[in-house]
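Since the structure comes first, as structure tokens, the remarks are kept for the end.
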Amino acid sequence: AITNRSGTSVDVAAALSRDLAVKWEDTDAPQVLILHTHTTEGYMTYAADYYNAADRHRTKDHSRNVCAVGETVRLTLASYGITAIHDTTVHDSPVYSGAYNRSAETAEKYLKQYPSIQIVLDLHRDSVMDGEVMVRPTATVEGKKAAQMMLITGVVDTDALPHPHWEQNLTLSAHWQAALDEVSPDLMRPLNLTASRYNQHLSPGWVLAEIGAEGNTVEEAVYSAQILGRTLAELLG
């Protein structure tokens with residue numbers, strides 16, 4: 001399933017028919033870069049049907065923000081012999097605006113230093129509300145609660161916002177979404193296509209993923225990160 005808010009007609013079936021522009025290489029050099037544009041996006045530390053005002057949805061504590069997700073993906077890839085770099089630079093604090101510019105600088109530094117990097121993962125945590133009620137989106141995978149996830153692909157390509165890699169990005173996201181759907185039909189929210197680039201113009205293997213939402217627990221998000229890493233390793237062959 002897709003949600004297409006890009007204003008561009010997109011053929012997802014054609015994207016799925018194309019081969020990936022990236023594949024696993026037998027090397028110790030880093031092939032995946034994991035970073036976080038909104039590094040302080042945090043999760044709940046307990047499972048409940050309520051939210052305390054004292055619970056901060058943004059935190060620099062890497063054990064309970066999206067960095068915990070990124071480190072889990074890194075370790076999962078390592079178990080398959082894939083070397084990943086996990087950058088935990090805080091890009092969204094103390095000033096939230098400009099975070100994408102700062103994370104672009106971080107990514108460009110690594111892409112220049114390590115030309116072996118094929119995939120860049122910008123891992124986020126979403127905010128899902130039903131009116132004034134915070135939503136905790138989950139799926140049960142092998143008897144355990146996992147945070148629902150969403151992949152986002154920018155398909156805009158204009159003179160003002162050139163994006164030469166959007167078709168390769170879309171192919172990767174579409175194949176990955178299909179692989180994750182095979183794990184559980186409830187794990188993934190629709191593939192989200194937008195008219196923004198989110199720095200994806202910097203690499204043909206750039207994926208932005210939202211892992212859970214404010215109401216999800218760290219445990220649920222980390223479990224989803226394990227699945228995310230495993231399916232990526234299998235996708236790369």
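The chains in the structure tokens are called A, B, ... from first to last as shown; in each chain the residues are counted from 1, and the ligands are counted from 1 in the order shown.
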Run DSSP on the backbone of this structure and report the residues of chain A it assigns to strand (DSSP E), as a PyMOL selection string.
-> chain A and resi 2-4+32-35+84-86+119-126+129-130+133-134+138-141+144-147+149-154+191-194+206-213
Could you make a table, as a tab-separated table, of the residues of segment 165-222 of chain A that have an atom within 9 Å of an atom of segment 12-24 of chain A, each with its nearest atom pair and distance in Å to one decimal, counting only C-alpha atoms, in chain and number order?
```
residue	atom	partner	partner_atom	distance
A:Glu167	CA	A:Ala15	CA	7.4
A:Gln168	CA	A:Ala21	CA	6.5
A:Asn169	CA	A:Ala21	CA	8.8
A:Leu170	CA	A:Ala15	CA	6.6
A:Thr171	CA	A:Ala15	CA	4.7
A:Leu172	CA	A:Leu20	CA	6.1
A:Ala174	CA	A:Leu16	CA	6.1
A:His175	CA	A:Leu16	CA	5.9
A:Ala178	CA	A:Leu16	CA	8.7
A:Pro204	CA	A:Ala21	CA	7.3
A:Gly205	CA	A:Val22	CA	6.8
```
Selected residues written out with N, CA, C and O atoms, as a PDB file, in the first residue's frame:
```
ATOM      1  N   GLU A 167      14.205   7.638  -8.271  1.00  0.00           N
ATOM      2  CA  GLU A 167      13.733   6.340  -8.760  1.00  0.00           C
ATOM      3  C   GLU A 167      14.476   5.191  -8.091  1.00  0.00           C
ATOM      4  O   GLU A 167      13.866   4.175  -7.737  1.00  0.00           O
ATOM      5  N   GLN A 168      15.790   5.347  -7.888  1.00  0.00           N
ATOM      6  CA  GLN A 168      16.548   4.303  -7.182  1.00  0.00           C
ATOM      7  C   GLN A 168      16.116   4.210  -5.715  1.00  0.00           C
ATOM      8  O   GLN A 168      16.003   3.122  -5.164  1.00  0.00           O
ATOM      9  N   ASN A 169      15.890   5.378  -5.094  1.00  0.00           N
ATOM     10  CA  ASN A 169      15.385   5.383  -3.722  1.00  0.00           C
ATOM     11  C   ASN A 169      14.040   4.678  -3.630  1.00  0.00           C
ATOM     12  O   ASN A 169      13.790   3.888  -2.699  1.00  0.00           O
ATOM     13  N   LEU A 170      13.155   4.964  -4.585  1.00  0.00           N
ATOM     14  CA  LEU A 170      11.824   4.348  -4.588  1.00  0.00           C
ATOM     15  C   LEU A 170      11.923   2.838  -4.777  1.00  0.00           C
ATOM     16  O   LEU A 170      11.212   2.072  -4.111  1.00  0.00           O
ATOM     17  N   THR A 171      12.798   2.396  -5.670  1.00  0.00           N
ATOM     18  CA  THR A 171      12.969   0.957  -5.888  1.00  0.00           C
ATOM     19  C   THR A 171      13.411   0.271  -4.607  1.00  0.00           C
ATOM     20  O   THR A 171      12.870  -0.785  -4.225  1.00  0.00           O
ATOM     21  N   LEU A 172      14.378   0.851  -3.920  1.00  0.00           N
ATOM     22  CA  LEU A 172      14.843   0.270  -2.661  1.00  0.00           C
ATOM     23  C   LEU A 172      13.730   0.238  -1.623  1.00  0.00           C
ATOM     24  O   LEU A 172      13.499  -0.787  -0.971  1.00  0.00           O
ATOM     25  N   ALA A 174      10.474   0.312  -2.081  1.00  0.00           N
ATOM     26  CA  ALA A 174       9.396  -0.591  -2.476  1.00  0.00           C
ATOM     27  C   ALA A 174       9.761  -2.051  -2.210  1.00  0.00           C
ATOM     28  O   ALA A 174       8.956  -2.825  -1.682  1.00  0.00           O
ATOM     29  N   HIS A 175      10.986  -2.435  -2.561  1.00  0.00           N
ATOM     30  CA  HIS A 175      11.439  -3.803  -2.297  1.00  0.00           C
ATOM     31  C   HIS A 175      11.508  -4.075  -0.788  1.00  0.00           C
ATOM     32  O   HIS A 175      11.120  -5.157  -0.323  1.00  0.00           O
ATOM     33  N   ALA A 178       8.017  -4.444   0.670  1.00  0.00           N
ATOM     34  CA  ALA A 178       7.467  -5.757   0.335  1.00  0.00           C
ATOM     35  C   ALA A 178       8.051  -6.844   1.230  1.00  0.00           C
ATOM     36  O   ALA A 178       7.339  -7.745   1.681  1.00  0.00           O
ATOM     37  N   PRO A 204      21.707   7.246  -3.947  1.00  0.00           N
ATOM     38  CA  PRO A 204      20.680   6.399  -4.550  1.00  0.00           C
ATOM     39  C   PRO A 204      20.168   5.324  -3.602  1.00  0.00           C
ATOM     40  O   PRO A 204      19.195   4.643  -3.904  1.00  0.00           O
ATOM     41  N   GLY A 205      20.825   5.193  -2.431  1.00  0.00           N
ATOM     42  CA  GLY A 205      20.407   4.193  -1.452  1.00  0.00           C
ATOM     43  C   GLY A 205      19.947   4.815  -0.148  1.00  0.00           C
ATOM     44  O   GLY A 205      20.196   4.255   0.920  1.00  0.00           O
TER      45      GLY A 205
END
```
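Those residues that approach Ala147 of chain A to within 7 Å, counting only C-alpha atoms, are Pro137, Thr138, Ala139, Ile211, Gly212, Asn216, Glu220, Ala221 and Ser224 of chain A; same-chain residues fewer than 5 positions away are not listed.
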Which of these residues is nearest to Lys109 of chain A, using only C-alpha atoms: A:Leu33, A:Val69, A:Ala47, A:Ala53?
-> A:Leu33
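Relative to atom CA of Gly154 of chain A, atom CA of His201 of chain A is found at 8.7 Å.
In this comparison, which uses only C-alpha atoms, the residue of A:Gly7, A:Gly229, A:Gly42, A:Gly98 approaching Ala179 of chain A most closely is A:Gly229.
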Nearby residues (only C-alpha atoms) at most 12 Å from Met149 of chain A, same-chain spacing under 2 positions excluded, as an NGL selection string | :A and (69 or 123-128 or 136-139 or 146-147 or 151-152 or 176-177 or 180-181 or 184-192 or 208-213 or 216 or 220-225 or 227-228)
Ser97 of chain A surroundings by only C-alpha atoms, 12 Å radius, close-in-sequence under 6 positions cut, as number ranges by chain | A: 37-38, 91, 103
Only N, CA, C and O atoms, please: the residues just picked out, written as a PDB file, in the first residue's frame.
```
ATOM      1  N   THR A  37      18.282  12.571  11.754  1.00  0.00           N
ATOM      2  CA  THR A  37      18.090  14.014  11.620  1.00  0.00           C
ATOM      3  C   THR A  37      17.465  14.582  12.887  1.00  0.00           C
ATOM      4  O   THR A  37      17.868  15.631  13.379  1.00  0.00           O
ATOM      5  N   HIS A  38      16.480  13.880  13.436  1.00  0.00           N
ATOM      6  CA  HIS A  38      15.815  14.304  14.675  1.00  0.00           C
ATOM      7  C   HIS A  38      16.237  13.348  15.793  1.00  0.00           C
ATOM      8  O   HIS A  38      15.474  12.483  16.227  1.00  0.00           O
ATOM      9  N   HIS A  91      21.286  16.492  15.871  1.00  0.00           N
ATOM     10  CA  HIS A  91      21.073  17.500  14.837  1.00  0.00           C
ATOM     11  C   HIS A  91      19.895  18.424  15.123  1.00  0.00           C
ATOM     12  O   HIS A  91      19.733  19.440  14.436  1.00  0.00           O
ATOM     13  N   SER A 103      22.147  17.405   9.299  1.00  0.00           N
ATOM     14  CA  SER A 103      22.340  15.970   9.051  1.00  0.00           C
ATOM     15  C   SER A 103      22.891  15.718   7.653  1.00  0.00           C
ATOM     16  O   SER A 103      23.612  14.744   7.422  1.00  0.00           O
TER      17      SER A 103
END
```
